[in-house]
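Undergrad: Here it is, the structure in full.
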Amino acid sequence: MGTISASAQTYGRDPQTIRLVAVSKTCNADAVLEAARAGQTAFGENYEQEAVTKIAAVRAARPDLALEWHFIGPIQSNKTRAIAEHFDWVHSVERERIARRLSDQRPPQLPPLNVCIQVNISGEASKSGVAPENVPELAQAIAALPRLKLRGLMAIPEPESDPEKQRAPYRLMRKIYDTLRAQGFDLDTLSMGMTDDLNAAIAEGATVVRVGTAIFGARNYAK
């Protein structure tokens, strides 16, 4: 994606170190297949039931495609089995109980499920995620689970239009990430940044950006 490359170059980063997850929630299988034909391989979904149906349709249409599926939405306890069975990544782990269910329900023939801890970096009461001060404890618990691989952190900060203010929560995310790595956690992923704050996230070290609107256009999110 040209915007990612341009932003990376602006901030002195190698574009190859930033992965694009195309957020395909509410899009149909045909839209995913069209993006795949353009070279996109990683897709993000928020809704378990919609995603499982879509994944099956895409695989039936193009079994030769090696796509990667990322779950990026809130996780309810009764949804963990389907997520553990059908996804390659989960970006939105915020509770040890959910992490344990994902580990227990991950099929043994599949590789460990890649997970990120969702951090409520702006402290919003309405937003999912663990408080920054509780991240190390949750990281320790997840790292001990046999069918999960802790890869890093994810955040969805409070919306902000000012570019410098957009960077502040991502700067804090990078600090938490660096602290965990210094403590011995083998992390390589900072999942942060969407269509409207992509540049700020890349400036502060994002390794995964989650973009939907800029790829698929405005959509109807009513469920």
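For the structure tokens, the naming scheme is as follows: chains receive sequential letters (A, B, ...) according to their order of presentation, residues are indexed from 1 within each chain, and ligands are indexed from 1 in presentation order.
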Write out as an MDAnalysis selection string the residues lying within 10 Å of range 168-183 of chain A, counting only C-alpha atoms and excluding same-chain residues fewer than 4 positions away.
TA: chainID A and resid 119:122 132:133 135:136 139:140 152:158 163:164 187:193 200:206
Undergrad: Would you write out, as CSV, a table of all residues in range 22-79 of chain A that have an atom no more than 12 Å from an atom of range 97-109 of chain A, listing for each the closest atom pair and the distance in Å to one decimal, considering only C-alpha atoms and ordering rows by chain and rising residue number?
TA:
residue,atom,partner,partner_atom,distance
A:Pro74,CA,A:Ile98,CA,10.5
A:Ile75,CA,A:Ile98,CA,7.5
A:Gln76,CA,A:Ile98,CA,7.9
A:Ser77,CA,A:Ile98,CA,6.5
A:Asn78,CA,A:Arg101,CA,9.6
A:Lys79,CA,A:Leu102,CA,9.5
Undergrad: One number please: CA of Lys25 in chain A to CA of Asp88 in chain A, in Å, one decimal.
TA: 16.0 Å
Undergrad: Please compute the CA of Ala29 in chain A-CA of Val58 in chain A distance, one decimal, in Å.
TA: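 It comes out at 5.7 Å.
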Undergrad: Pick out each residue of range 145-214 of chain A that DSSP on the backbone tags as helix (DSSP H, G or I); I need them as number ranges by chain.
TA: A: 163-182, 195-203, 213-214
Undergrad: If you keep N, CA and C atoms, can you produce a file of those selected residues as a compact mmCIF listing (two decimals), in the first residue's frame?
TA:
# COMPACT_ATOMS: atom_id res chain seq x y z
N PRO A 163 -2.49 15.50 14.57
CA PRO A 163 -1.46 14.48 14.33
C PRO A 163 -0.51 14.26 15.52
N GLU A 164 -0.11 15.31 16.18
CA GLU A 164 0.81 15.15 17.32
C GLU A 164 0.11 14.46 18.48
N LYS A 165 -1.14 14.81 18.72
CA LYS A 165 -1.89 14.15 19.79
C LYS A 165 -2.17 12.69 19.46
N GLN A 166 -2.28 12.37 18.19
CA GLN A 166 -2.45 10.98 17.78
C GLN A 166 -1.23 10.15 18.17
N ARG A 167 -0.06 10.76 18.14
CA ARG A 167 1.16 10.00 18.40
C ARG A 167 1.36 9.66 19.88
N ALA A 168 0.79 10.47 20.77
CA ALA A 168 1.06 10.30 22.21
C ALA A 168 0.72 8.90 22.74
N PRO A 169 -0.49 8.37 22.50
CA PRO A 169 -0.78 7.03 23.02
C PRO A 169 0.08 5.95 22.37
N TYR A 170 0.43 6.12 21.11
CA TYR A 170 1.27 5.14 20.44
C TYR A 170 2.70 5.19 20.98
N ARG A 171 3.13 6.37 21.38
CA ARG A 171 4.45 6.49 22.01
C ARG A 171 4.48 5.72 23.33
N LEU A 172 3.39 5.81 24.08
CA LEU A 172 3.28 5.06 25.33
C LEU A 172 3.23 3.56 25.06
N MET A 173 2.52 3.16 24.02
CA MET A 173 2.48 1.74 23.65
C MET A 173 3.88 1.21 23.35
N ARG A 174 4.66 2.00 22.64
CA ARG A 174 6.03 1.58 22.31
C ARG A 174 6.87 1.44 23.58
N LYS A 175 6.63 2.31 24.54
CA LYS A 175 7.37 2.25 25.80
C LYS A 175 7.04 0.96 26.55
N ILE A 176 5.74 0.61 26.61
CA ILE A 176 5.32 -0.63 27.28
C ILE A 176 5.93 -1.83 26.56
N TYR A 177 5.88 -1.80 25.25
CA TYR A 177 6.44 -2.88 24.42
C TYR A 177 7.94 -3.05 24.68
N ASP A 178 8.67 -1.96 24.67
CA ASP A 178 10.12 -2.02 24.91
C ASP A 178 10.43 -2.52 26.31
N THR A 179 9.62 -2.13 27.30
CA THR A 179 9.82 -2.59 28.67
C THR A 179 9.63 -4.10 28.77
N LEU A 180 8.59 -4.61 28.12
CA LEU A 180 8.36 -6.06 28.13
C LEU A 180 9.51 -6.81 27.46
N ARG A 181 9.98 -6.30 26.37
CA ARG A 181 11.12 -6.95 25.69
C ARG A 181 12.36 -6.94 26.58
N ALA A 182 12.56 -5.84 27.28
CA ALA A 182 13.71 -5.76 28.19
C ALA A 182 13.57 -6.74 29.35
N THR A 195 -7.02 3.54 9.41
CA THR A 195 -7.05 4.46 8.27
C THR A 195 -6.77 5.90 8.68
N ASP A 196 -7.38 6.38 9.77
CA ASP A 196 -7.31 7.79 10.12
C ASP A 196 -6.07 8.20 10.93
N ASP A 197 -5.33 7.22 11.47
CA ASP A 197 -4.15 7.59 12.26
C ASP A 197 -2.93 6.74 11.89
N LEU A 198 -2.92 6.31 10.65
CA LEU A 198 -1.86 5.44 10.15
C LEU A 198 -0.48 6.06 10.32
N ASN A 199 -0.34 7.33 9.96
CA ASN A 199 0.97 7.97 10.01
C ASN A 199 1.50 8.05 11.43
N ALA A 200 0.63 8.38 12.38
CA ALA A 200 1.05 8.49 13.78
C ALA A 200 1.54 7.15 14.30
N ALA A 201 0.83 6.09 13.96
CA ALA A 201 1.22 4.76 14.43
C ALA A 201 2.55 4.33 13.84
N ILE A 202 2.74 4.57 12.56
CA ILE A 202 4.00 4.20 11.92
C ILE A 202 5.15 5.01 12.48
N ALA A 203 4.90 6.28 12.75
CA ALA A 203 5.94 7.13 13.34
C ALA A 203 6.42 6.59 14.67
N THR A 213 -11.35 1.00 5.74
CA THR A 213 -12.03 1.97 4.89
C THR A 213 -11.21 2.36 3.67
N ALA A 214 -9.91 2.55 3.85
CA ALA A 214 -9.06 2.97 2.73
C ALA A 214 -8.92 1.88 1.68
Undergrad: Using Å and a single decimal, report how far CA of Glu96 in chain A sits from CA of Thr53 in chain A.
TA: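 Distance between the two atoms: 27.4 Å.
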Undergrad: Nearest to Gly44 in chain A among A:Arg19, A:Arg210, A:Arg147, A:Arg13, with distances taken over only C-alpha atoms: which residue is it?
TA: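 The closest residue to Gly44 in chain A is A:Arg210.
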Undergrad: Mind listing the strand (DSSP E or B) residues of range 8-190 of chain A, per DSSP on the backbone, as a PyMOL selection string?
TA: chain A and resi 19-23+42-45+68-71+89-93+113-119+130+148-155+189-190
Undergrad: Would you mind exporting the chosen residues as a tab-separated table (two decimals), in the first residue's frame, restricted to N, CA, C and O atoms?
TA:
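So again.tsv came out as:
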chain	number	residue	atom	x	y	z
A	19	ARG	N	3.46	-4.57	8.34
A	19	ARG	CA	2.51	-5.44	7.67
A	19	ARG	C	1.13	-4.79	7.65
A	19	ARG	O	0.71	-4.16	8.61
A	20	LEU	N	0.43	-5.01	6.56
A	20	LEU	CA	-0.93	-4.51	6.41
A	20	LEU	C	-1.93	-5.64	6.64
A	20	LEU	O	-1.88	-6.67	5.96
A	21	VAL	N	-2.82	-5.44	7.61
A	21	VAL	CA	-3.97	-6.32	7.78
A	21	VAL	C	-5.18	-5.58	7.21
A	21	VAL	O	-5.54	-4.50	7.69
A	22	ALA	N	-5.76	-6.13	6.17
A	22	ALA	CA	-6.93	-5.53	5.54
A	22	ALA	C	-8.17	-5.91	6.34
A	22	ALA	O	-8.51	-7.09	6.45
A	23	VAL	N	-8.82	-4.92	6.94
A	23	VAL	CA	-9.98	-5.19	7.80
A	23	VAL	C	-11.20	-5.43	6.91
A	23	VAL	O	-11.79	-4.50	6.36
A	42	ALA	N	-3.28	-10.88	4.36
A	42	ALA	CA	-3.72	-10.90	5.75
A	42	ALA	C	-5.02	-10.10	5.88
A	42	ALA	O	-5.11	-8.95	5.44
A	43	PHE	N	-6.01	-10.71	6.52
A	43	PHE	CA	-7.33	-10.10	6.64
A	43	PHE	C	-7.80	-10.11	8.09
A	43	PHE	O	-7.60	-11.09	8.81
A	44	GLY	N	-8.43	-9.00	8.51
A	44	GLY	CA	-8.89	-8.84	9.88
A	44	GLY	C	-10.39	-8.88	9.99
A	44	GLY	O	-11.10	-8.25	9.19
A	45	GLU	N	-10.90	-9.62	10.98
A	45	GLU	CA	-12.33	-9.78	11.18
A	45	GLU	C	-12.69	-9.49	12.63
A	45	GLU	O	-11.93	-9.81	13.55
A	68	GLU	N	-3.97	-15.34	5.64
A	68	GLU	CA	-3.80	-15.31	7.09
A	68	GLU	C	-4.98	-14.54	7.67
A	68	GLU	O	-5.28	-13.43	7.24
A	69	TRP	N	-5.64	-15.14	8.68
A	69	TRP	CA	-6.84	-14.54	9.25
A	69	TRP	C	-6.57	-14.06	10.66
A	69	TRP	O	-6.08	-14.81	11.51
A	70	HIS	N	-6.91	-12.79	10.90
A	70	HIS	CA	-6.64	-12.12	12.18
A	70	HIS	C	-7.97	-11.75	12.83
A	70	HIS	O	-8.78	-11.03	12.23
A	71	PHE	N	-8.19	-12.18	14.06
A	71	PHE	CA	-9.38	-11.75	14.80
A	71	PHE	C	-9.00	-10.50	15.58
A	71	PHE	O	-8.06	-10.52	16.38
A	89	TRP	N	-4.26	-15.49	14.00
A	89	TRP	CA	-3.88	-14.45	14.96
A	89	TRP	C	-5.11	-13.97	15.72
A	89	TRP	O	-6.20	-13.93	15.15
A	90	VAL	N	-4.90	-13.57	16.97
A	90	VAL	CA	-5.91	-12.85	17.75
A	90	VAL	C	-5.25	-11.62	18.35
A	90	VAL	O	-4.27	-11.75	19.10
A	91	HIS	N	-5.74	-10.43	18.02
A	91	HIS	CA	-5.12	-9.18	18.47
A	91	HIS	C	-5.75	-8.64	19.75
A	91	HIS	O	-5.24	-7.66	20.29
A	92	SER	N	-6.85	-9.22	20.19
A	92	SER	CA	-7.69	-8.56	21.19
A	92	SER	C	-7.84	-9.34	22.50
A	92	SER	O	-8.91	-9.34	23.10
A	93	VAL	N	-6.77	-9.97	22.94
A	93	VAL	CA	-6.81	-10.68	24.22
A	93	VAL	C	-6.63	-9.69	25.36
A	93	VAL	O	-5.64	-8.94	25.38
A	113	LEU	N	-1.49	-20.48	18.39
A	113	LEU	CA	-2.22	-19.29	17.96
A	113	LEU	C	-1.42	-18.04	18.34
A	113	LEU	O	-1.06	-17.85	19.51
A	114	ASN	N	-1.14	-17.19	17.37
A	114	ASN	CA	-0.42	-15.94	17.63
A	114	ASN	C	-1.37	-14.95	18.30
A	114	ASN	O	-2.48	-14.73	17.80
A	115	VAL	N	-0.95	-14.36	19.41
A	115	VAL	CA	-1.84	-13.43	20.11
A	115	VAL	C	-1.13	-12.14	20.48
A	115	VAL	O	0.09	-12.10	20.70
A	116	CYS	N	-1.93	-11.07	20.53
A	116	CYS	CA	-1.48	-9.79	21.04
A	116	CYS	C	-2.40	-9.41	22.22
A	116	CYS	O	-3.58	-9.74	22.22
A	117	ILE	N	-1.85	-8.72	23.17
A	117	ILE	CA	-2.62	-8.19	24.29
A	117	ILE	C	-3.19	-6.84	23.88
A	117	ILE	O	-2.45	-5.95	23.44
A	118	GLN	N	-4.50	-6.69	24.03
A	118	GLN	CA	-5.12	-5.39	23.74
A	118	GLN	C	-4.99	-4.50	24.97
A	118	GLN	O	-5.43	-4.87	26.06
A	119	VAL	N	-4.41	-3.33	24.78
A	119	VAL	CA	-4.18	-2.39	25.86
A	119	VAL	C	-5.16	-1.21	25.73
A	119	VAL	O	-5.27	-0.62	24.65
A	130	VAL	N	-6.77	-4.19	28.49
A	130	VAL	CA	-6.24	-4.23	29.84
A	130	VAL	C	-5.55	-2.89	30.15
A	130	VAL	O	-5.02	-2.23	29.24
A	148	LEU	N	-0.57	-21.06	22.80
A	148	LEU	CA	-0.53	-19.66	22.36
A	148	LEU	C	0.91	-19.21	22.21
A	148	LEU	O	1.80	-19.68	22.91
A	149	LYS	N	1.12	-18.26	21.30
A	149	LYS	CA	2.42	-17.60	21.18
A	149	LYS	C	2.19	-16.10	21.32
A	149	LYS	O	1.59	-15.48	20.43
A	150	LEU	N	2.68	-15.53	22.40
A	150	LEU	CA	2.53	-14.09	22.61
A	150	LEU	C	3.46	-13.35	21.67
A	150	LEU	O	4.67	-13.51	21.72
A	151	ARG	N	2.87	-12.52	20.80
A	151	ARG	CA	3.65	-11.80	19.79
A	151	ARG	C	3.83	-10.33	20.10
A	151	ARG	O	4.80	-9.72	19.64
A	152	GLY	N	2.85	-9.72	20.84
A	152	GLY	CA	3.01	-8.29	21.09
A	152	GLY	C	1.77	-7.65	21.67
A	152	GLY	O	1.01	-8.29	22.39
A	153	LEU	N	1.57	-6.38	21.31
A	153	LEU	CA	0.50	-5.57	21.88
A	153	LEU	C	-0.34	-4.94	20.78
A	153	LEU	O	0.13	-4.71	19.67
A	154	MET	N	-1.60	-4.64	21.13
A	154	MET	CA	-2.51	-3.96	20.21
A	154	MET	C	-3.25	-2.85	20.96
A	154	MET	O	-3.49	-2.98	22.17
A	155	ALA	N	-3.59	-1.78	20.26
A	155	ALA	CA	-4.37	-0.71	20.89
A	155	ALA	C	-5.23	0.00	19.86
A	155	ALA	O	-4.90	0.07	18.67
A	189	THR	N	5.66	-7.63	17.69
A	189	THR	CA	4.49	-7.04	17.04
A	189	THR	C	3.89	-5.90	17.84
A	189	THR	O	3.57	-6.06	19.03
A	190	LEU	N	3.72	-4.77	17.18
A	190	LEU	CA	2.94	-3.65	17.70
A	190	LEU	C	1.82	-3.40	16.71
A	190	LEU	O	2.03	-2.81	15.64
